[in-house]
Amino acid sequence: MPTQTAIPCTMMRGGTSRGPYFLASDLPEDRATQEQVILAAMGSGNALQINGIGGGSSLTSKVAIVSQSQHPDADVDFLFAQVSVEESVVDTSPSCGNILSGVGPFAIEKGLVPADVEETLVRVRNINTNSFIEAVVKTPNGIVEYDGEASIDGVEGTAAPILLNFLDVAGSKTGQLLPTGNLRDRIDGIEVSCIDAAVPMVLIPASSLGKRGDESKEELDGDTGLLHRIEAIRQEASWKMGLGDATGKVIPKVALLSGPRHGGTITSRYFVPHSCHGAHAVTGAICVASAVALPGSITDELVTRPEGVKQVIRIEHPSGKIDLALEVNYTTTGPQIQRAGLIRTARKLFQGDLYVSSRIWSYSRSQAS
């Protein structure tokens, strides 16, 4: 009996993140065994993830699981897993717009979606949030193109653009754009906005916590007092948002917001959730942009709000900026975020077999016995 089990895998950079992409059919069917395989594959339990392919960072310890969709409005299903670096935890409660960037190319190359001549539309259902995204991938002559002239801050060089259109982003986890029913809530003596658009978030004016809002990741990560205060706010907000105890979970996420410095719309420092993101999560950017479009939110004092149905909102982050194109329908019952679009890029790094212990693959059988 072989001591190692081979799993087909494609390693990709998606947006500003990186991780392995798997076909669901190549992984164990039951969730317990699947999680054990993923933890072993990434090398979790060690800060360097030295015994796996994780990169020792939350941005490089992510997994995409893709399958043919049975939903009439989708071509493929995408399950995202955030894998803890030092703990044996696989969290499938959030999504990741950066890793999503690679789902379209991966699905085309694996034959789940036939390629068109110039560009290919891949309709993705995100299983984590039961939401739908349209990914437009460049496919000249029916072949996925990775080289191109598009650039995104946080990634050196250029690549082919991948257009992501997020549909019906409101209420991704809670079912409501405003989970608490309020545009503002007071938590721990501070006014915050709790918003669920693509991902549930707690948005805090940076000045309320004694910060400018344009600090570096290193400066914010080194402020243990700040991190403890943010976590206390996040915990209480989670209950108010109907998400329950946030201990050991990555949602709700948190952002410290302030005015723009470099010609953008707003400045954001996004937390994941116990350290500052080196750039900005895509789903988090959608939520921050949605807050900008909501009169009465804590962004009122920070930004000059764009007007009209179609709005371009530029978010400044530690590595540069990210641009969001929102379609907002202002109704008598309040604004409705109908669509959020942005450009990302992806790069295929390698493809082959990833090996895990055969004992881990039979984890569920041993547990049952």
# chains A, B, ... in the order shown; residues from 1 in each chain; ligands from 1
>>> residues_around(residues="stretch 111-115 of chain A", least_positions_apart="6", cutoff="9 Å", atoms="only C-alpha atoms", output="ChimeraX atom specification")
/A:67-68,75-76,104,121-122,139-144
>>> residues_around(residues="stretch 123-130 of chain A", least_positions_apart="4", cutoff="7 Å", atoms="only C-alpha atoms", output="number ranges by chain")
A: 74-80, 92-95, 134-135, 172-173
>>> write_last_selection(atoms="N, CA and C atoms", output="compact mmCIF listing (two decimals), in the first residue's frame")
# COMPACT_ATOMS: atom_id res chain seq x y z
N ALA A 74 -25.21 29.29 -12.90
CA ALA A 74 -23.76 29.21 -12.71
C ALA A 74 -23.17 28.10 -13.57
N ASP A 75 -21.92 28.31 -13.95
CA ASP A 75 -21.16 27.27 -14.65
C ASP A 75 -20.37 26.42 -13.68
N VAL A 76 -19.78 27.07 -12.66
CA VAL A 76 -18.97 26.35 -11.69
C VAL A 76 -19.30 26.81 -10.29
N ASP A 77 -19.05 25.91 -9.34
CA ASP A 77 -19.14 26.24 -7.92
C ASP A 77 -17.73 26.43 -7.38
N PHE A 78 -17.57 27.42 -6.52
CA PHE A 78 -16.27 27.75 -5.92
C PHE A 78 -16.41 27.77 -4.42
N LEU A 79 -15.64 26.91 -3.75
CA LEU A 79 -15.57 26.93 -2.29
C LEU A 79 -14.19 27.43 -1.89
N PHE A 80 -14.16 28.48 -1.10
CA PHE A 80 -12.90 29.05 -0.63
C PHE A 80 -12.62 28.57 0.78
N THR A 92 -14.22 28.06 6.23
CA THR A 92 -14.93 28.25 4.96
C THR A 92 -16.09 29.22 5.11
N SER A 93 -16.09 30.00 6.20
CA SER A 93 -17.17 30.97 6.37
C SER A 93 -17.01 32.21 5.49
N PRO A 94 -15.78 32.69 5.23
CA PRO A 94 -15.66 33.87 4.36
C PRO A 94 -15.45 33.45 2.91
N SER A 95 -15.42 34.43 2.03
CA SER A 95 -14.99 34.21 0.66
C SER A 95 -13.70 34.99 0.45
N GLU A 134 -19.68 37.08 -12.11
CA GLU A 134 -19.32 36.87 -13.50
C GLU A 134 -17.84 37.19 -13.67
N ALA A 135 -17.08 36.23 -14.15
CA ALA A 135 -15.65 36.43 -14.42
C ALA A 135 -15.44 36.40 -15.92
N SER A 172 -24.39 39.08 2.26
CA SER A 172 -23.68 37.86 1.88
C SER A 172 -23.78 36.75 2.93
N LYS A 173 -23.74 37.12 4.18
CA LYS A 173 -23.81 36.14 5.27
C LYS A 173 -25.03 36.31 6.16
>>> residues_around(residues="stretch 320-325 of chain A", least_positions_apart="5", cutoff="12 Å", atoms="only C-alpha atoms", output="JSON, numbers by chain")
{"A": [15, 16, 98, 151, 152, 153, 154, 155, 156, 163, 164, 165, 166, 214, 216, 260, 261, 262, 263, 264, 265, 266, 267, 268, 269, 278, 279, 280, 281, 282, 283, 284, 285, 286, 287, 288, 289, 290, 292, 293, 306, 308, 309, 310, 311, 312, 313, 314, 315, 337, 338, 339, 340, 341, 342, 343, 344]}
>>> select_by_dssp(residues="stretch 131-194 of chain A", states="strand (DSSP E or B)", output="JSON, numbers by chain")
{"A": [131, 132, 133, 134, 135, 136, 137, 138, 150, 159, 162, 163, 164, 165, 166, 167, 170, 185, 186, 187, 190, 191, 192, 193, 194]}
>>> atom_distance(atom1="atom CA of A:Gly43", atom2="atom CA of A:Met11")
14.9 Å
>>> closest_residue(among="A:Asp353, A:Glu119, A:Glu109, A:Asp185", to="A:Ala41", atoms="only C-alpha atoms")
A:Asp353
>>> closest_residue(among="A:Val303, A:Cys276, A:Cys9, A:Glu231", to="A:Ser319", atoms="only C-alpha atoms")
A:Cys276
>>> atom_distance(atom1="atom CA of A:Ala346", atom2="atom CA of A:Ile108")
13.4 Å
>>> closest_residue(among="A:Val137, A:Ile204, A:Ile53, A:Ala255", to="A:Ile162", atoms="only C-alpha atoms")
A:Val137
>>> residues_around(residues="A:Arg31", least_positions_apart="2", cutoff="12 Å", atoms="only C-alpha atoms", output="list in words")
Ala24, Leu27, Pro28, Glu29, Thr33, Gln34, Glu35, Gln36, Val37, Ile38, Leu79, Ala81, Val90, Asp91, Thr92, Trp361, Tyr363 and Ser364 of chain A
>>> write_last_selection(atoms="N, CA and C atoms", output="PDB file, in the first residue's frame")
ATOM      1  N   ALA A  24     -12.972  19.580  -7.001  1.00  0.00           N
ATOM      2  CA  ALA A  24     -13.610  18.931  -5.847  1.00  0.00           C
ATOM      3  C   ALA A  24     -13.557  17.413  -5.983  1.00  0.00           C
ATOM      4  N   LEU A  27     -10.585  15.596  -4.326  1.00  0.00           N
ATOM      5  CA  LEU A  27     -10.443  15.647  -2.870  1.00  0.00           C
ATOM      6  C   LEU A  27     -11.436  14.681  -2.214  1.00  0.00           C
ATOM      7  N   PRO A  28     -11.194  14.298  -0.962  1.00  0.00           N
ATOM      8  CA  PRO A  28     -12.164  13.453  -0.254  1.00  0.00           C
ATOM      9  C   PRO A  28     -13.527  14.128  -0.199  1.00  0.00           C
ATOM     10  N   GLU A  29     -14.578  13.329  -0.240  1.00  0.00           N
ATOM     11  CA  GLU A  29     -15.925  13.886  -0.254  1.00  0.00           C
ATOM     12  C   GLU A  29     -16.351  14.419   1.108  1.00  0.00           C
ATOM     13  N   THR A  33     -12.368  14.712   6.451  1.00  0.00           N
ATOM     14  CA  THR A  33     -11.151  14.236   5.788  1.00  0.00           C
ATOM     15  C   THR A  33     -10.585  15.313   4.879  1.00  0.00           C
ATOM     16  N   GLN A  34     -11.460  16.031   4.196  1.00  0.00           N
ATOM     17  CA  GLN A  34     -11.014  17.091   3.298  1.00  0.00           C
ATOM     18  C   GLN A  34     -10.207  18.135   4.065  1.00  0.00           C
ATOM     19  N   GLU A  35     -10.675  18.516   5.242  1.00  0.00           N
ATOM     20  CA  GLU A  35      -9.961  19.510   6.038  1.00  0.00           C
ATOM     21  C   GLU A  35      -8.601  18.988   6.483  1.00  0.00           C
ATOM     22  N   GLN A  36      -8.528  17.721   6.864  1.00  0.00           N
ATOM     23  CA  GLN A  36      -7.247  17.154   7.277  1.00  0.00           C
ATOM     24  C   GLN A  36      -6.258  17.126   6.112  1.00  0.00           C
ATOM     25  N   VAL A  37      -6.754  16.809   4.934  1.00  0.00           N
ATOM     26  CA  VAL A  37      -5.898  16.792   3.739  1.00  0.00           C
ATOM     27  C   VAL A  37      -5.395  18.197   3.438  1.00  0.00           C
ATOM     28  N   ILE A  38      -6.277  19.192   3.527  1.00  0.00           N
ATOM     29  CA  ILE A  38      -5.893  20.574   3.241  1.00  0.00           C
ATOM     30  C   ILE A  38      -4.854  21.065   4.251  1.00  0.00           C
ATOM     31  N   LEU A  79     -15.635  26.912  -3.752  1.00  0.00           N
ATOM     32  CA  LEU A  79     -15.566  26.927  -2.294  1.00  0.00           C
ATOM     33  C   LEU A  79     -14.189  27.431  -1.894  1.00  0.00           C
ATOM     34  N   ALA A  81     -11.348  28.290   1.063  1.00  0.00           N
ATOM     35  CA  ALA A  81     -10.937  27.908   2.409  1.00  0.00           C
ATOM     36  C   ALA A  81      -9.764  28.770   2.848  1.00  0.00           C
ATOM     37  N   VAL A  90      -9.444  25.214   9.382  1.00  0.00           N
ATOM     38  CA  VAL A  90      -9.832  25.512   8.001  1.00  0.00           C
ATOM     39  C   VAL A  90     -11.160  26.247   8.066  1.00  0.00           C
ATOM     40  N   ASP A  91     -11.182  27.496   7.670  1.00  0.00           N
ATOM     41  CA  ASP A  91     -12.374  28.343   7.788  1.00  0.00           C
ATOM     42  C   ASP A  91     -12.993  28.551   6.416  1.00  0.00           C
ATOM     43  N   THR A  92     -14.219  28.056   6.229  1.00  0.00           N
ATOM     44  CA  THR A  92     -14.926  28.245   4.956  1.00  0.00           C
ATOM     45  C   THR A  92     -16.094  29.221   5.110  1.00  0.00           C
ATOM     46  N   TRP A 361      -5.534  10.556   4.347  1.00  0.00           N
ATOM     47  CA  TRP A 361      -6.640  10.361   3.402  1.00  0.00           C
ATOM     48  C   TRP A 361      -7.698   9.417   3.981  1.00  0.00           C
ATOM     49  N   TYR A 363      -8.509   9.310   7.066  1.00  0.00           N
ATOM     50  CA  TYR A 363      -8.842   9.894   8.380  1.00  0.00           C
ATOM     51  C   TYR A 363     -10.273   9.591   8.793  1.00  0.00           C
ATOM     52  N   SER A 364     -11.224   9.748   7.877  1.00  0.00           N
ATOM     53  CA  SER A 364     -12.628   9.587   8.238  1.00  0.00           C
ATOM     54  C   SER A 364     -12.950   8.151   8.617  1.00  0.00           C
TER      55      SER A 364
END
>>> atom_distance(atom1="atom CA of A:Ser61", atom2="atom CA of A:Pro105")
19.9 Å
>>> closest_residue(among="A:Asp30, A:Leu209, A:Gly334, A:Glu149", to="A:Gly296", atoms="only C-alpha atoms")
A:Gly334
>>> residues_around(residues="A:Gly171", least_positions_apart="3", cutoff="9 Å", atoms="only C-alpha atoms", output="number ranges by chain")
A: 129, 168, 174-179, 195-200
>>> select_by_dssp(residues="stretch 147-335 of chain A", states="helix (DSSP H, G or I)", output="MDAnalysis selection string")
chainID A and resid 206:209 217:221 224:240 282:292 298:301
>>> residues_around(residues="A:Cys194", least_positions_apart="2", cutoff="10 Å", atoms="only C-alpha atoms", output="ChimeraX atom specification")
/A:177-185,191-192,196-197,200-204,234,237-238,240-241,252-254,287,291,297-298
>>> write_last_selection(atoms="C-alpha atoms", output="PDB file, in the first residue's frame")
ATOM      1  CA  LEU A 177     -27.005  45.020   3.963  1.00  0.00           C
ATOM      2  CA  LEU A 178     -27.369  46.482   7.470  1.00  0.00           C
ATOM      3  CA  PRO A 179     -27.392  43.448   9.788  1.00  0.00           C
ATOM      4  CA  THR A 180     -28.044  45.485  12.932  1.00  0.00           C
ATOM      5  CA  GLY A 181     -30.754  47.522  11.216  1.00  0.00           C
ATOM      6  CA  ASN A 182     -28.713  50.687  11.747  1.00  0.00           C
ATOM      7  CA  LEU A 183     -26.350  52.759   9.651  1.00  0.00           C
ATOM      8  CA  ARG A 184     -24.359  53.402  12.806  1.00  0.00           C
ATOM      9  CA  ASP A 185     -23.952  51.567  16.078  1.00  0.00           C
ATOM     10  CA  GLU A 191     -19.532  54.908  16.420  1.00  0.00           C
ATOM     11  CA  VAL A 192     -19.103  52.155  13.823  1.00  0.00           C
ATOM     12  CA  ASP A 196     -22.656  43.117   4.981  1.00  0.00           C
ATOM     13  CA  ALA A 197     -21.791  43.585   1.305  1.00  0.00           C
ATOM     14  CA  PRO A 200     -19.742  41.284   6.794  1.00  0.00           C
ATOM     15  CA  MET A 201     -17.557  44.034   8.206  1.00  0.00           C
ATOM     16  CA  VAL A 202     -17.203  46.439  11.093  1.00  0.00           C
ATOM     17  CA  LEU A 203     -16.081  49.829   9.775  1.00  0.00           C
ATOM     18  CA  ILE A 204     -14.363  52.119  12.273  1.00  0.00           C
ATOM     19  CA  ARG A 234     -15.285  42.971  16.525  1.00  0.00           C
ATOM     20  CA  ALA A 237     -20.293  43.661  16.704  1.00  0.00           C
ATOM     21  CA  SER A 238     -20.471  40.003  15.698  1.00  0.00           C
ATOM     22  CA  LYS A 240     -25.125  42.518  17.093  1.00  0.00           C
ATOM     23  CA  MET A 241     -24.860  41.370  13.449  1.00  0.00           C
ATOM     24  CA  PRO A 252     -16.764  39.801  10.630  1.00  0.00           C
ATOM     25  CA  LYS A 253     -13.728  41.565   9.192  1.00  0.00           C
ATOM     26  CA  VAL A 254     -12.658  45.050  10.302  1.00  0.00           C
ATOM     27  CA  CYS A 287     -17.972  46.408   1.489  1.00  0.00           C
ATOM     28  CA  ALA A 291     -20.345  52.072   2.841  1.00  0.00           C
ATOM     29  CA  SER A 297     -22.726  55.668   7.488  1.00  0.00           C
ATOM     30  CA  ILE A 298     -19.499  56.564   9.283  1.00  0.00           C
TER      31      ILE A 298
END
>>> decode(residues="stretch 253-278 of chain A", atoms="C-alpha atoms", output="PDB file, in the first residue's frame")
ATOM      1  CA  LYS A 253     -13.728  41.565   9.192  1.00  0.00           C
ATOM      2  CA  VAL A 254     -12.658  45.050  10.302  1.00  0.00           C
ATOM      3  CA  ALA A 255     -11.432  48.152   8.502  1.00  0.00           C
ATOM      4  CA  LEU A 256     -10.091  51.422   9.872  1.00  0.00           C
ATOM      5  CA  LEU A 257     -11.249  54.191   7.548  1.00  0.00           C
ATOM      6  CA  SER A 258     -10.001  57.728   6.982  1.00  0.00           C
ATOM      7  CA  GLY A 259      -9.980  60.395   4.292  1.00  0.00           C
ATOM      8  CA  PRO A 260      -7.981  59.990   1.070  1.00  0.00           C
ATOM      9  CA  ARG A 261      -4.374  61.197   0.742  1.00  0.00           C
ATOM     10  CA  HIS A 262      -3.502  60.451  -2.873  1.00  0.00           C
ATOM     11  CA  GLY A 263      -6.493  61.442  -4.964  1.00  0.00           C
ATOM     12  CA  GLY A 264      -8.654  58.455  -4.049  1.00  0.00           C
ATOM     13  CA  THR A 265     -12.098  58.328  -2.480  1.00  0.00           C
ATOM     14  CA  ILE A 266     -11.248  56.843   0.923  1.00  0.00           C
ATOM     15  CA  THR A 267      -8.332  55.261   2.797  1.00  0.00           C
ATOM     16  CA  SER A 268      -8.739  51.808   4.313  1.00  0.00           C
ATOM     17  CA  ARG A 269      -6.666  49.585   6.560  1.00  0.00           C
ATOM     18  CA  TYR A 270      -8.245  46.134   6.347  1.00  0.00           C
ATOM     19  CA  PHE A 271      -7.730  43.517   9.091  1.00  0.00           C
ATOM     20  CA  VAL A 272      -7.790  39.752   8.460  1.00  0.00           C
ATOM     21  CA  PRO A 273      -8.874  39.933  11.274  1.00  0.00           C
ATOM     22  CA  HIS A 274      -5.939  39.975  13.739  1.00  0.00           C
ATOM     23  CA  SER A 275      -3.366  41.678  11.517  1.00  0.00           C
ATOM     24  CA  CYS A 276      -3.481  44.339   8.825  1.00  0.00           C
ATOM     25  CA  HIS A 277      -3.712  43.171   5.215  1.00  0.00           C
ATOM     26  CA  GLY A 278      -0.669  44.118   3.147  1.00  0.00           C
TER      27      GLY A 278
END
